[in-house]
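A.B. asks: Have a look at the structure that comes next, please.
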Amino acid sequence: MALFDFPLTELEVYRPERDEPDDFDAFWAETLSGTPEKPVFEPYDSGLSTVDVWDVTFPGFGGDPIRGWLIRPRNVDDPLPGVVTYIGYAGGRGLPHDWLVPSAAGYANLVMDNRGQGAMWVPGDTPDASAGPLDPQYPGFMTRGVRDPSTYYYRRLITDAVRAVDALRAAPGVDPSRIAVSGGSQGGGLALAAAGLSPHVKAALIDVPFLCHWRRAIDIATDGPYPELVSYCAIQRHDTAKVLHTLSYVDGVNFAARASATALFSVGLMDPVCPPSTVYAAYNHYAGPKRMNVWHYNGHEGGQTHQIADQLRFLASAMA
């Protein structure tokens, strides 16, 4: 790996003009309108002795059932602050013992499954019901329905992310006034979107975020999901304008401009998957209180365990 993007001094001031459609707010208001059904929490025998686990089903986009885990420290009576965890590209919710850090730190943690994903590195259980339904599959999500904002896959997944916040607020033993969102890569992009769309997010952990500054990401990312769109546009040449228009409705830069939660970002300066300039584009447009952790010699792995340690310190302050 090597430094390939702008120098850090330029990244710190990189604030490109937002590519935002005129009906962006109306589009998302319509998408998120209505009152979803209540989530269902079924006790789950995880074999773990220090946490209680529930198998969660909550209504996502179009009322589609979205799966998740709720993991909460055992023998704690007071309502706890909550953290929604979003998962990276092509991953699913896995099993409860995969997600023990937030509960070990004293938080109620809702882990959201990715609709249609979970067939590459961690298994998932949620089909993309509004698209078929389609069971979990190997990647190809970047181009699913990309000719039209109303049919695009990430409209559905981002809606699920917002509804996950609502589900956690309704969970047993959770303080609904203290909710954080968290994720890395695609999960970081979903955390950013939820922070921009939900008024109930108090803190956001946005780690090496995906889904940001799409036009530049497609041009310079050499690894990961963005090249799926490059391959699509290379063949479907006549669709490029439609594709870019669709992506403007799900751009993290536009969600950042609407967010007010206190946020901790991170960036890897050698990241070929989510290039640093795309991360800084969102960060520099972020409207709420914010801080950036820079991992100079790291790629898409970012700060890994060191980032998690700082996130826990950050949350302890932000959620007090």
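Lettering and numbering for the structure tokens are positional, with chains as A, B, ... in the shown order, residues counted from 1 in each chain, and ligands counted from 1 in the shown order.
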So that I can check the surroundings of Trp295 in chain A, please list as a PyMOL selection string every protein, DNA and RNA residue that reaches within 9 Å of it, counting only C-alpha atoms and ignoring chain neighbours fewer than 6 positions away.

C.D. replies: chain A and resi 266-270+302-303

A.B. asks: Any chance you can output those residues with N, CA and C atoms as a tab-separated table (two decimals), in the first residue's frame?

C.D. replies:
```
chain	number	residue	atom	x	y	z
A	266	SER	N	-13.17	7.89	11.56
A	266	SER	CA	-11.80	7.44	11.35
A	266	SER	C	-11.54	7.30	9.86
A	267	VAL	N	-10.26	7.39	9.49
A	267	VAL	CA	-9.84	7.27	8.09
A	267	VAL	C	-8.48	6.57	8.05
A	268	GLY	N	-8.29	5.71	7.05
A	268	GLY	CA	-6.98	5.14	6.76
A	268	GLY	C	-6.42	5.82	5.53
A	269	LEU	N	-5.26	6.45	5.65
A	269	LEU	CA	-4.73	7.24	4.54
A	269	LEU	C	-4.25	6.38	3.38
A	270	MET	N	-4.15	5.07	3.57
A	270	MET	CA	-3.77	4.17	2.48
A	270	MET	C	-4.93	3.26	2.08
A	302	GLY	N	-8.22	0.37	8.96
A	302	GLY	CA	-8.23	1.50	9.87
A	302	GLY	C	-7.45	1.21	11.15
A	303	GLY	N	-7.99	1.66	12.27
A	303	GLY	CA	-7.29	1.52	13.54
A	303	GLY	C	-7.57	0.25	14.29
```

A.B. asks: Fewer than 6 positions away in the same chain doesn't count, so skip those; otherwise give me all residues within 7 Å of range 80-82 of chain A, counting only C-alpha atoms, as a short mmCIF file (atom, residue, chain, number, x, y, z; two decimals) with N, CA and C atoms, in the first residue's frame.

C.D. replies:
```
data_model
loop_
_atom_site.label_atom_id
_atom_site.label_comp_id
_atom_site.auth_asym_id
_atom_site.auth_seq_id
_atom_site.Cartn_x
_atom_site.Cartn_y
_atom_site.Cartn_z
N TYR A 107 -23.50 -1.39 27.41
CA TYR A 107 -24.53 -0.89 26.50
C TYR A 107 -25.46 -2.01 26.05
N ALA A 108 -26.70 -1.66 25.77
CA ALA A 108 -27.60 -2.56 25.06
C ALA A 108 -27.29 -2.40 23.58
N ASN A 109 -27.04 -3.52 22.90
CA ASN A 109 -26.53 -3.46 21.53
C ASN A 109 -27.48 -4.18 20.58
N LEU A 168 -34.42 -0.24 18.54
CA LEU A 168 -33.63 -0.24 19.77
C LEU A 168 -34.28 0.65 20.83
N GLY A 173 -35.40 -2.48 28.58
CA GLY A 173 -34.22 -2.08 29.33
C GLY A 173 -33.32 -1.09 28.63
N VAL A 174 -33.89 -0.28 27.70
CA VAL A 174 -33.09 0.69 26.94
C VAL A 174 -33.60 2.10 27.23
N ASP A 175 -32.67 3.01 27.44
CA ASP A 175 -33.00 4.43 27.60
C ASP A 175 -33.12 5.03 26.19
N ARG A 178 -30.80 7.92 24.83
CA ARG A 178 -29.34 7.75 24.69
C ARG A 178 -29.05 6.61 23.71
N ILE A 179 -29.10 6.96 22.44
CA ILE A 179 -28.88 5.97 21.38
C ILE A 179 -27.70 6.42 20.52
N ALA A 180 -26.78 5.50 20.29
CA ALA A 180 -25.66 5.73 19.39
C ALA A 180 -25.75 4.77 18.20
#
```

A.B. asks: Name the residues in contact with Val111 in chain A at a cut-off of 12 Å, using only C-alpha atoms, excluding same-chain residues fewer than 4 positions from it; report them as number ranges by chain.

C.D. replies: A: 53-58, 66-72, 82-88, 91-103, 124, 160-161, 164-165, 167-168, 181-183, 187

A.B. asks: Rounded to one decimal, what separation in Å do you get between CA of Gln186 in chain A and CA of Lys242 in chain A?

C.D. replies: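 These atoms are spaced 22.3 Å apart.
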
A.B. asks: So which bits of range 82-226 of chain A end up strand (DSSP E) when you DSSP the backbone, as an mmCIF file with C-alpha atoms, in the first residue's frame?

C.D. replies:
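The result, written out as out_7.cif:
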```
data_model
loop_
_atom_site.group_PDB
_atom_site.id
_atom_site.type_symbol
_atom_site.label_atom_id
_atom_site.label_comp_id
_atom_site.auth_asym_id
_atom_site.auth_seq_id
_atom_site.Cartn_x
_atom_site.Cartn_y
_atom_site.Cartn_z
ATOM 1 C CA GLY A 82 -28.045 1.686 23.446
ATOM 2 C CA VAL A 83 -25.823 1.188 20.415
ATOM 3 C CA VAL A 84 -27.016 0.112 16.973
ATOM 4 C CA THR A 85 -24.284 -1.778 15.122
ATOM 5 C CA TYR A 86 -24.295 -1.853 11.322
ATOM 6 C CA ALA A 108 -27.599 -2.557 25.060
ATOM 7 C CA ASN A 109 -26.531 -3.465 21.530
ATOM 8 C CA LEU A 110 -28.795 -4.040 18.533
ATOM 9 C CA VAL A 111 -26.902 -5.690 15.657
ATOM 10 C CA MET A 112 -28.773 -5.185 12.364
ATOM 11 C CA VAL A 174 -33.090 0.685 26.942
ATOM 12 C CA ASP A 175 -32.997 4.426 27.598
ATOM 13 C CA PRO A 176 -34.519 5.825 24.349
ATOM 14 C CA SER A 177 -32.876 9.220 24.876
ATOM 15 C CA ARG A 178 -29.339 7.753 24.694
ATOM 16 C CA ILE A 179 -28.882 5.973 21.377
ATOM 17 C CA ALA A 180 -25.657 5.726 19.388
ATOM 18 C CA VAL A 181 -25.036 4.300 15.924
ATOM 19 C CA SER A 182 -21.841 2.510 14.957
ATOM 20 C CA GLY A 183 -20.225 0.751 12.027
ATOM 21 C CA GLY A 184 -17.237 0.420 9.753
ATOM 22 C CA ALA A 203 -23.713 9.811 19.138
ATOM 23 C CA ALA A 204 -22.210 8.256 16.018
ATOM 24 C CA LEU A 205 -19.131 6.072 15.495
ATOM 25 C CA ILE A 206 -18.341 6.362 11.776
ATOM 26 C CA ASP A 207 -15.367 4.182 10.933
#
```

A.B. asks: Quick one, how far is CA of Gly252 in chain A from CA of Ala193 in chain A?

C.D. replies: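 Distance reported for this atom pair: 6.2 Å.
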